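Student: Structure below; questions to follow.
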Amino acid sequence: MDPITTAIVAALAAGVTQGSVSDAYNGLKQLIKTKFNDKNDVIVAIDRLEQKPQSKARKMELQEQVEENQLEKKSDIVELAKKLMDEVEKSSGDENHVMQAKGKFIAQADHGSTANVTINR
C-alpha cells in the first residue's frame with residue numbers, strides 16, 4: 001500500500017477525532033482538495049472510506065485513486081502523509097492496552113504481534 005493510503009487508513013483506524021492526528025489528517029485532506037477539487041475521485045474515495053473504515057474494498061478504492069491521480073509524485077502531499085503517520089504512531093505509542101478474555105484456548109496479540117494456541121491431546 002502506498003504511503004498516502006497507509007497514513008489515511010491508519011488515521012481512520014486510530015479514530016481521527018481530536019488532537020494532532022486530527023489536525024494532520026484534516027491538513028492532508030485539505031491539501032488534496034486544494035490541489036485537485038472537492039469532487040476529485042481521491043476525495044470521494046476518502047469520504048467513502050470514512051463511512052466504512054474497515055472496508056477492504058474502500059481501502060483498495062482509495063489506493064487505486066491515489067495511484068491514478070499520481071499523488072505519490074506530489075512531494076507536499078507525501079510530506080503531509082508522513083507527518084500524519086508520525087502523529088498516528090505518537091498517539092498510539094503511550095497508551096496502555098488492556099485485553100480481557102474468558103474461555104478455553106484463547107490467544108491474544110497486540111501491536112501487530114501474533115499469538116498461538118497449541119493443544120496436544
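Residue numbering restarts at 1 in every chain; chains get A, B, ... in the order shown in the C-alpha cells, and ligands count up from 1 in that same order.
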Once DSSP has gone over the backbone, tell me which residues of chain A are in alpha helix (DSSP H), as a PyMOL selection string.
Tutor: chain A and resi 3-14+19-35+41-51+56-68+75-93
Student: Would you output that residue set with C-alpha atoms, as a short mmCIF file (atom, residue, chain, number, x, y, z; two decimals), in the first residue's frame?
Tutor:
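Done, and the output landed in selection02.cif:
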```
data_model
loop_
_atom_site.label_atom_id
_atom_site.label_comp_id
_atom_site.auth_asym_id
_atom_site.auth_seq_id
_atom_site.Cartn_x
_atom_site.Cartn_y
_atom_site.Cartn_z
CA PRO A 3 2.31 5.84 2.00
CA ILE A 4 -0.64 8.19 1.45
CA THR A 5 -3.28 5.46 1.62
CA THR A 6 -1.45 3.86 4.55
CA ALA A 7 -1.47 7.11 6.52
CA ILE A 8 -5.16 7.76 5.86
CA VAL A 9 -6.16 4.20 6.75
CA ALA A 10 -4.03 4.30 9.93
CA ALA A 11 -5.54 7.63 10.98
CA LEU A 12 -9.07 6.33 10.49
CA ALA A 13 -8.23 3.15 12.40
CA ALA A 14 -6.83 5.30 15.23
CA GLY A 19 -5.60 16.47 18.69
CA SER A 20 -2.58 16.34 16.44
CA VAL A 21 -3.80 13.29 14.49
CA SER A 22 -6.98 15.11 13.56
CA ASP A 23 -5.04 18.24 12.63
CA ALA A 24 -2.63 16.30 10.41
CA TYR A 25 -5.45 14.28 8.82
CA ASN A 26 -7.53 17.34 8.06
CA GLY A 27 -4.45 19.16 6.74
CA LEU A 28 -3.69 16.32 4.33
CA LYS A 29 -7.28 16.09 3.16
CA GLN A 30 -7.48 19.86 2.67
CA LEU A 31 -4.25 19.88 0.67
CA ILE A 32 -5.62 17.19 -1.64
CA LYS A 33 -8.83 19.22 -2.06
CA THR A 34 -6.79 22.33 -2.85
CA LYS A 35 -4.58 20.56 -5.39
CA ASP A 41 -12.10 10.84 -7.11
CA VAL A 42 -9.46 10.78 -4.34
CA ILE A 43 -11.63 12.94 -2.07
CA VAL A 44 -14.70 10.87 -2.93
CA ALA A 45 -12.75 7.70 -2.04
CA ILE A 46 -11.59 9.23 1.27
CA ASP A 47 -15.15 10.28 2.12
CA ARG A 48 -16.41 6.78 1.31
CA LEU A 49 -13.67 5.20 3.45
CA GLU A 50 -14.60 7.50 6.34
CA GLN A 51 -18.10 6.00 6.18
CA LYS A 56 -11.15 -3.61 2.31
CA ALA A 57 -12.90 -2.63 -0.92
CA ARG A 58 -12.92 1.04 0.06
CA LYS A 59 -9.27 0.92 1.08
CA MET A 60 -8.45 -0.55 -2.31
CA GLU A 61 -10.58 2.11 -4.00
CA LEU A 62 -8.59 4.84 -2.25
CA GLN A 63 -5.30 3.20 -3.17
CA GLU A 64 -6.40 2.98 -6.80
CA GLN A 65 -7.39 6.67 -6.87
CA VAL A 66 -4.11 7.72 -5.24
CA GLU A 67 -2.23 5.81 -7.94
CA GLU A 68 -4.40 7.06 -10.83
CA SER A 75 6.08 15.89 -2.60
CA ASP A 76 3.94 18.18 -0.43
CA ILE A 77 1.19 15.54 -0.18
CA VAL A 78 3.72 12.79 0.59
CA GLU A 79 5.31 15.00 3.25
CA LEU A 80 1.95 15.60 4.96
CA ALA A 81 1.16 11.87 4.76
CA LYS A 82 4.44 11.15 6.57
CA LYS A 83 3.59 13.77 9.19
CA LEU A 84 0.16 12.17 9.64
CA MET A 85 1.75 8.74 10.06
CA ASP A 86 4.15 10.17 12.66
CA GLU A 87 1.22 11.65 14.59
CA VAL A 88 -0.68 8.35 14.47
CA GLU A 89 2.36 6.49 15.78
CA LYS A 90 2.90 9.05 18.56
CA SER A 91 -0.73 8.91 19.61
CA SER A 92 -0.75 5.13 19.94
CA GLY A 93 2.72 4.78 21.46
#
```
Student: At a cut-off of 9 Å, using only C-alpha atoms, what residues contact Asn116 in chain A? Leave out same-chain residues fewer than 3 positions from it and give the result as a ChimeraX atom specification.
Tutor: /A:106-109
Student: Measuring between only C-alpha atoms, which one of A:Ser113, A:Gln54, A:Gln70, A:Thr118 shows the shortest distance to Gly15 in chain A?
Tutor: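 Smallest distance to Gly15 in chain A is found for A:Gln54.
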Student: Separation of CA of Lys73 in chain A and CA of Asn40 in chain A, in Å?
Tutor: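 Atom-to-atom, CA of Lys73 in chain A and CA of Asn40 in chain A are spaced 16.8 Å apart.
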Student: Kindly give the distance, in Å, that separates CA of Pro53 in chain A and CA of Lys74 in chain A, rounded to a single decimal.
Tutor: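 CA of Lys74 in chain A lies 24.5 Å from CA of Pro53 in chain A.
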